[in-house]
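Okay, so here's the structure we're looking at.
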Number of protein chains: 2
Amino acid sequence: MIRFKSIGYWTEAEGVESDVVISSRVRVARNLANFVFPHRASEAQLMEVCDFISKALRKNDELKDLDLILLEELLPQERDMLVEKHLISPVFDEGEKGRAVILSEKRSNLCVMINEEDHLRIHAFSLGFQLKNAWKIANEADDILSSHLPYAFSKRWGYLTECPTNIGTAMRASIMMHLPALTINDEIELLFSNLSDSGITIRGLFGEGTDIAGNFYQISNQVTLGKSESEIISNLETVSKSIIKKERSARQLLLKEEKIKLLDEISRSWGILTHAKLISFEEAIDYLSMLRLGIDLKILPHLSRKKMTKLMMSIRSAHLRDLVGEDFNEDSEAEDKVRAELIKRELFKLREGGGINV
Amino acid sequence: MIRFKSIGYWTEAEGVESDVVISSRVRVARNLANFVFPHRASEAQLMEVCDFISKALRKNDELKDLDLILLEELLPQERDMLVEKHLISPVFDEGEKGRAVILSEKRSNLCVMINEEDHLRIHAFSLGFQLKNAWKIANEADDILSSHLPYAFSKRWGYLTECPTNIGTAMRASIMMHLPALTINDEIELLFSNLSDSGITIRGLFGEGTDIAGNFYQISNQVTLGKSESEIISNLETVSKSIIKKERSARQLLLKEEKIKLLDEISRSWGILTHAKLISFEEAIDYLSMLRLGIDLKILPHLSRKKMTKLMMSIRSAHLRDLVGEDFNEDSEAEDKVRAELIKRELFKLREGGGINV
């Protein structure tokens with residue numbers, strides 16, 4: 001049985017500016033005073049950190065809705081799903097001893113990693129373009145945790161972190177965006193290099209060093225020191241607004257000047273997704289990205305964007321396994337077959353009684 | 001108005017072994033005694049050759065069904081169609097002065113190029129695996145022409161030709177084959193190199209130096225000297241039979257061991273061809289090749305192979321222009337759009353009342 005299914009289900013609702021923005025995320029790194037940083041700690045010392053935090057959670061009423069679960073107590077399947085939901089990092093999932101997560105049925109937009117790079121990584125998110133809301137959730141969790149846990153904090157440097165690039169606010173705010181038009185018209189490269197000059201980084205769907213899949217990009221702040229949290233958020237908001245505007249203009253321009261090519265790509269994507277007998281996640285997400293663009297541009301008015309987003313999430317490996325109740329035992333052909341069948345079935349359902357008139 | 005439409009319509013019937021062999025072709029090169037070879041001739045000398053042959057055709061009852069037409073008298077569209085039917089070479093079509101073709105409404109499987117590399121290139125073909133029949137047609141034409149035209153012939157060297165690699169029989173026999181399974185399972189490379197050792201060459205659909213499109217290959221003899229015509233034909237027949245056998249085994253093996261991948265490719269091809277809004281000839285022929293394989297393997301029993309072959313021919317540029325009565329004026333997007341529409345329409349017609357159950 002998969003627990004905490006509702007956690008991190010970023011596909012439940014739509015959110016603000018959802019034609020471009022998928023979700024807004026904030027994470028803060030915190031470390032406990034008087035404990036060595038995780039990468040220098042022995043397994044026993046890591047366990048001490050887990051125990052210390054666990055006791056604090058149990059002792060205080062204010063924290064009692066937060067459950068600390070050791071990573072080794074989670075099923076591999078549950079951990080895979082947390083990774084696919086971007087709530088724990090793939091690297092965190094690799095070593096299980098002395099690592100834990102804090103999850104809460106009540107706070108489904110929150111996840112805390114214990115003993116990843118830092119003792120605590122508080123991670124909150126919100127659907128659509130709602131950075132302030134994500135920050136509120138993270139901040140609230142941070143406030144109640146900090147009143148019961150002694151944080152390593154320096155008046156001069158702010159929150160102390162394992163990696164010097166994180167000290168200060170120790171905050172990273174990020175926006176997940178769908179930028180197909182800026183990708184198609186090749187503006188994205190220039191945008192990347194301009195943003196990097198202003199302390200903003202762009203990465204693919206699955207974080208650092210991953211390929212750009214399905215034209216999804218994570219835009220986040222690079223600098224954590226010398227700026228307040230609200231400055232960081234406000235800066236990222238400004239940049240994001242300008243990207244949203246650029247993407248929307250690029251979409252309209254495509255529709256105006258390259259309409260037939262756009263219709264061709266969108267219609268082919270539908271044709272492939274409804275006819276493939278085998279399909280990998282990476283390939284499917286690229287075609288689904290085109291359908292999503294078709295929905296946003298009202299070329300596919302019969303499809304629902306919300307359900308499309310949900311479909312995109314459900315075809316990732318662990319989610320797919322959970323959905324069909326089947327373990328593919330590393331048999332990627334079996335997985336690709338089930339994925340292709342699911343997509344075909346869901347797309348016909350999504351079409352909700354209208355032909356694909358592209 | 002396009003004349004000689006019926007000429008070279010290799011898609012009218014099916015022929016023998018048509019699951020693998022599309023057509024069989026024979027061409028012989030002949031030169032007139034006492035005229036310089038075309039590449040050394042002036043325009044006036046080329047015209048003299050045309051006049052000389054033209055007079056012979058008009059003077060003799062036996063030759064009167066053969067029409068000599070100067071290339072410059074043909075519409076560009078008509079010439080393009082002859083090129084697409086593989087009846088004249090693209091290089092022949094480039095310079096028009098002093099060049100001509102002999103066509104005949106009665107002999108629709110025959111075409112003679114005047115002043116290409118040699119004074120006469122007699123070209124005959126037959127549908128399916130029927131080399132002997134193609135040879136019969138070419139031979140008959142050669143016989144009646146030779147009784148009225150003085151050929152350059154040496155007792156020692158045989159027919160004299162512009163290029164030394166053609167002397168002797170001056171004959172090239174070739175078989176056009178569809179070899180998707182040998183291409184998919186990568187056996188084709190080895191086959192190529194083995195064949196080349198035994199004096200057989202393999203080229204793509206459009207002759208020397210062209211890409212392999214749609215898994216169509218031309219298999220032909222390389223050596224023209226030291227063997228009789230019937231030896232050349234018999235040798236090519238033997239080799240072809242062995243390739244047909246290999247291709248059929250490879251198809252059965254694919255069906256047995258890679259069925260899902262095969263179904264995936266065939267079904268996707270259908271999905272793309274019925275959803276594309278723009279498609280080039282090269283791309284379309286690759287997907288149509290997969291549908292053809294689906295027909296051959298009875299995966300697509302509702303489609304007709306004969307009509308599929310006709311569709312493949314009709315989507316080439318000049319044929320498409322002729323079919324829709326539209327000149328695209330080098331606008332490849334307009335052409336790709338019309339091609340996509342035609343394919344979609346024809347495929348739905350071809351399906352003839354049965355779902356695509358792959």
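A note on labels: chains of the structure tokens are A, B, ... as shown, every chain counts residues from 1, and ligands are counted from 1 in their shown order.
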
Enumerate, as a ChimeraX atom specification, the complete set of residues in stretch 27-233 of chain B that a backbone-based DSSP assignment places in strand (DSSP E).
/B:27-30,67-70,100-103,110-114,120-127,153-154,158-159,171-178,200-203,216-221

Selection export as a CSV table (one decimal), in the first residue's frame, atoms kept: N, CA and C atoms:
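Below is the file part-v2.csv, written as the result:
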```csv
chain,number,residue,atom,x,y,z
B,27,ARG,N,18.1,-2.4,-69.3
B,27,ARG,CA,18.4,-1.3,-70.3
B,27,ARG,C,19.7,-1.8,-71.1
B,28,VAL,N,19.6,-1.5,-72.4
B,28,VAL,CA,20.8,-1.7,-73.2
B,28,VAL,C,21.3,-0.4,-73.8
B,29,ALA,N,22.6,-0.2,-73.8
B,29,ALA,CA,23.1,1.0,-74.4
B,29,ALA,C,23.6,0.7,-75.9
B,30,ARG,N,23.2,1.6,-76.8
B,30,ARG,CA,23.6,1.4,-78.2
B,30,ARG,C,24.2,2.7,-78.7
B,67,ASP,N,7.5,7.0,-81.3
B,67,ASP,CA,7.5,8.4,-81.5
B,67,ASP,C,8.8,9.0,-80.9
B,68,LEU,N,9.5,9.7,-81.7
B,68,LEU,CA,10.7,10.4,-81.2
B,68,LEU,C,10.3,11.8,-80.9
B,69,ILE,N,10.5,12.2,-79.6
B,69,ILE,CA,10.1,13.6,-79.2
B,69,ILE,C,11.3,14.3,-78.6
B,70,LEU,N,11.6,15.4,-79.2
B,70,LEU,CA,12.7,16.2,-78.6
B,70,LEU,C,12.4,16.6,-77.2
B,100,ALA,N,16.5,13.6,-76.9
B,100,ALA,CA,15.1,13.2,-77.3
B,100,ALA,C,14.8,11.9,-76.6
B,101,VAL,N,13.5,11.6,-76.6
B,101,VAL,CA,13.1,10.3,-76.1
B,101,VAL,C,12.3,9.6,-77.1
B,102,ILE,N,12.3,8.3,-77.1
B,102,ILE,CA,11.3,7.5,-78.0
B,102,ILE,C,10.3,6.9,-77.0
B,103,LEU,N,9.1,7.2,-77.3
B,103,LEU,CA,8.0,6.7,-76.5
B,103,LEU,C,7.0,6.0,-77.4
B,110,LEU,N,8.2,0.6,-72.4
B,110,LEU,CA,9.4,0.9,-73.1
B,110,LEU,C,9.7,2.4,-73.2
B,111,CYS,N,11.0,2.8,-73.0
B,111,CYS,CA,11.4,4.2,-73.2
B,111,CYS,C,12.8,4.2,-73.7
B,112,VAL,N,13.1,5.0,-74.7
B,112,VAL,CA,14.5,5.1,-75.2
B,112,VAL,C,15.0,6.5,-75.1
B,113,MET,N,16.1,6.6,-74.4
B,113,MET,CA,16.7,8.0,-74.3
B,113,MET,C,17.7,8.1,-75.5
B,114,ILE,N,17.6,9.3,-76.2
B,114,ILE,CA,18.5,9.6,-77.3
B,114,ILE,C,19.5,10.6,-76.8
B,120,LEU,N,21.8,5.7,-77.9
B,120,LEU,CA,20.5,5.1,-77.5
B,120,LEU,C,20.6,4.4,-76.2
B,121,ARG,N,19.7,4.6,-75.4
B,121,ARG,CA,19.6,3.8,-74.1
B,121,ARG,C,18.1,3.2,-74.1
B,122,ILE,N,18.0,2.0,-74.5
B,122,ILE,CA,16.7,1.3,-74.6
B,122,ILE,C,16.4,0.7,-73.2
B,123,HIS,N,15.3,1.1,-72.7
B,123,HIS,CA,14.9,0.9,-71.3
B,123,HIS,C,13.5,0.2,-71.3
B,124,ALA,N,13.5,-1.0,-70.7
B,124,ALA,CA,12.2,-1.7,-70.7
B,124,ALA,C,12.0,-2.3,-69.2
B,125,PHE,N,10.8,-2.4,-68.9
B,125,PHE,CA,10.5,-2.9,-67.5
B,125,PHE,C,9.3,-3.7,-67.5
B,126,SER,N,9.2,-4.5,-66.4
B,126,SER,CA,8.0,-5.3,-66.1
B,126,SER,C,7.7,-5.3,-64.7
B,127,LEU,N,6.5,-5.5,-64.3
B,127,LEU,CA,6.1,-5.4,-62.9
B,127,LEU,C,6.5,-6.7,-62.2
B,153,PHE,N,29.6,-1.6,-83.3
B,153,PHE,CA,29.7,-2.9,-82.7
B,153,PHE,C,31.1,-3.5,-83.1
B,154,SER,N,31.8,-4.1,-82.1
B,154,SER,CA,33.1,-4.7,-82.4
B,154,SER,C,33.0,-6.2,-82.1
B,158,GLY,N,32.2,-6.3,-78.5
B,158,GLY,CA,30.7,-6.3,-78.4
B,158,GLY,C,30.2,-4.9,-78.7
B,159,TYR,N,29.1,-4.5,-78.1
B,159,TYR,CA,28.6,-3.1,-78.3
B,159,TYR,C,29.5,-2.1,-77.7
B,171,MET,N,24.5,-4.1,-71.3
B,171,MET,CA,23.2,-4.4,-70.7
B,171,MET,C,23.3,-4.2,-69.1
B,172,ARG,N,22.3,-3.5,-68.6
B,172,ARG,CA,22.2,-3.5,-67.2
B,172,ARG,C,20.7,-4.0,-66.9
B,173,ALA,N,20.7,-5.1,-66.1
B,173,ALA,CA,19.4,-5.6,-65.6
B,173,ALA,C,19.3,-5.2,-64.1
B,174,SER,N,18.1,-4.9,-63.7
B,174,SER,CA,17.9,-4.5,-62.3
B,174,SER,C,16.6,-4.9,-61.8
B,175,ILE,N,16.6,-5.1,-60.5
B,175,ILE,CA,15.4,-5.5,-59.8
B,175,ILE,C,15.1,-4.5,-58.7
B,176,MET,N,13.9,-3.9,-58.6
B,176,MET,CA,13.6,-3.0,-57.5
B,176,MET,C,12.9,-3.8,-56.4
B,177,MET,N,13.6,-3.8,-55.2
B,177,MET,CA,13.0,-4.6,-54.1
B,177,MET,C,12.7,-3.8,-52.9
B,178,HIS,N,11.7,-4.3,-52.1
B,178,HIS,CA,11.4,-3.7,-50.9
B,178,HIS,C,11.9,-4.6,-49.8
B,200,ILE,N,27.5,-7.6,-58.2
B,200,ILE,CA,26.1,-7.1,-58.1
B,200,ILE,C,26.2,-5.8,-57.3
B,201,THR,N,25.5,-4.8,-57.7
B,201,THR,CA,25.5,-3.5,-56.9
B,201,THR,C,24.1,-3.3,-56.4
B,202,ILE,N,24.0,-2.6,-55.2
B,202,ILE,CA,22.7,-2.2,-54.7
B,202,ILE,C,22.7,-0.7,-54.5
B,203,ARG,N,21.7,-0.1,-54.9
B,203,ARG,CA,21.5,1.3,-54.8
B,203,ARG,C,20.1,1.7,-54.3
B,216,PHE,N,13.5,0.8,-50.2
B,216,PHE,CA,13.5,0.3,-51.5
B,216,PHE,C,14.9,0.3,-52.1
B,217,TYR,N,15.3,-0.8,-52.7
B,217,TYR,CA,16.6,-1.0,-53.2
B,217,TYR,C,16.6,-1.5,-54.7
B,218,GLN,N,17.6,-1.0,-55.5
B,218,GLN,CA,17.8,-1.5,-56.8
B,218,GLN,C,19.0,-2.4,-56.8
B,219,ILE,N,18.7,-3.6,-57.2
B,219,ILE,CA,19.8,-4.6,-57.3
B,219,ILE,C,20.1,-4.8,-58.8
B,220,SER,N,21.4,-4.6,-59.2
B,220,SER,CA,21.7,-4.7,-60.6
B,220,SER,C,23.1,-5.3,-60.8
B,221,ASN,N,23.3,-5.8,-62.1
B,221,ASN,CA,24.6,-6.3,-62.4
B,221,ASN,C,25.6,-5.2,-62.7
```

Considering only C-alpha atoms, return as a PyMOL selection string whatever protein or nucleic-acid residues lie within 12 Å of B:Glu189, sequence-local ones (same chain, fewer than 5 positions apart) excluded.
chain B and resi 179+182-184+194-196+202-203

Once you count only C-alpha atoms, which residues of chain B turn out to be within 6 Å of chain A? Could you give them as a VMD selection string?
chain B and resid 264 267 to 268 271 to 272 275 to 277

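Here atom CA of B:Met47 is placed at a distance of 21.3 Å from atom CA of B:Leu82.
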
What does the distance from atom CA of B:Glu187 to atom CA of B:Gly204 come to in Å, to one decimal?
15.9 Å

Identify, on the basis of only C-alpha atoms, every residue whose closest approach to B:Ile295 does not exceed 10 Å; exclude the query and any residue fewer than 3 positions from it along the same chain; express the result as a ChimeraX atom specification.
/B:19,266,289-292,298-305,308

Residues just named, written with C-alpha atoms as an mmCIF file, in the first residue's frame:
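The new file part29.cif reads:
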```
data_model
loop_
_atom_site.group_PDB
_atom_site.id
_atom_site.type_symbol
_atom_site.label_atom_id
_atom_site.label_comp_id
_atom_site.auth_asym_id
_atom_site.auth_seq_id
_atom_site.Cartn_x
_atom_site.Cartn_y
_atom_site.Cartn_z
ATOM 1 C CA ASP B 19 5.537 -8.901 -51.605
ATOM 2 C CA ILE B 266 3.492 0.073 -38.276
ATOM 3 C CA SER B 289 7.076 1.408 -46.493
ATOM 4 C CA MET B 290 6.074 0.293 -42.991
ATOM 5 C CA LEU B 291 2.409 0.081 -43.995
ATOM 6 C CA ARG B 292 3.400 -1.983 -47.018
ATOM 7 C CA LYS B 298 -1.253 -9.517 -42.965
ATOM 8 C CA ILE B 299 -1.128 -7.118 -40.027
ATOM 9 C CA LEU B 300 -3.125 -4.668 -42.136
ATOM 10 C CA PRO B 301 -5.421 -6.993 -44.058
ATOM 11 C CA HIS B 302 -7.792 -4.159 -44.865
ATOM 12 C CA LEU B 303 -5.288 -2.319 -47.020
ATOM 13 C CA SER B 304 -4.616 -3.206 -50.627
ATOM 14 C CA ARG B 305 -0.973 -3.538 -51.610
ATOM 15 C CA MET B 308 -0.618 1.295 -51.698
#
```

Please report the interatomic distance between atom CA of A:Arg99 and atom CA of A:Ala138 in Å with one decimal.
20.2 Å

Which of stretch 125-331 of chain A fall in helix (DSSP H, G or I), as JSON, numbers by chain:
{"A": [131, 132, 133, 134, 135, 136, 137, 138, 139, 140, 141, 142, 143, 144, 145, 146, 164, 165, 166, 180, 181, 182, 183, 184, 188, 189, 190, 191, 192, 193, 194, 195, 196, 197, 229, 230, 231, 232, 233, 234, 235, 236, 237, 238, 239, 240, 241, 242, 243, 244, 245, 246, 247, 248, 249, 250, 251, 252, 253, 254, 255, 256, 257, 259, 260, 261, 262, 263, 264, 265, 266, 267, 268, 269, 270, 271, 272, 273, 281, 282, 283, 284, 285, 286, 287, 288, 289, 290, 291, 292, 293, 294, 295, 296, 305, 306, 307, 308, 309, 310, 311, 312, 313, 314, 317, 318, 319, 320, 321, 322, 323, 324]}

So that I can check the surroundings of A:Ser198, please list as a PyMOL selection string every protein, DNA and RNA residue that reaches within 10 Å of it, counting only C-alpha atoms and ignoring chain neighbours fewer than 5 positions away.
chain A and resi 193+221-223+235+239

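Minimum atom-to-atom distances from A:Glu94, A:Glu62, A:Glu229, A:Glu247 to A:Asp80 were compared using only C-alpha atoms, and the lowest value belongs to A:Glu94.
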
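Nearest residue to B:Leu320 among B:Leu87, B:Met81, B:Ala44, B:Leu297 is B:Met81, counting only C-alpha atoms.
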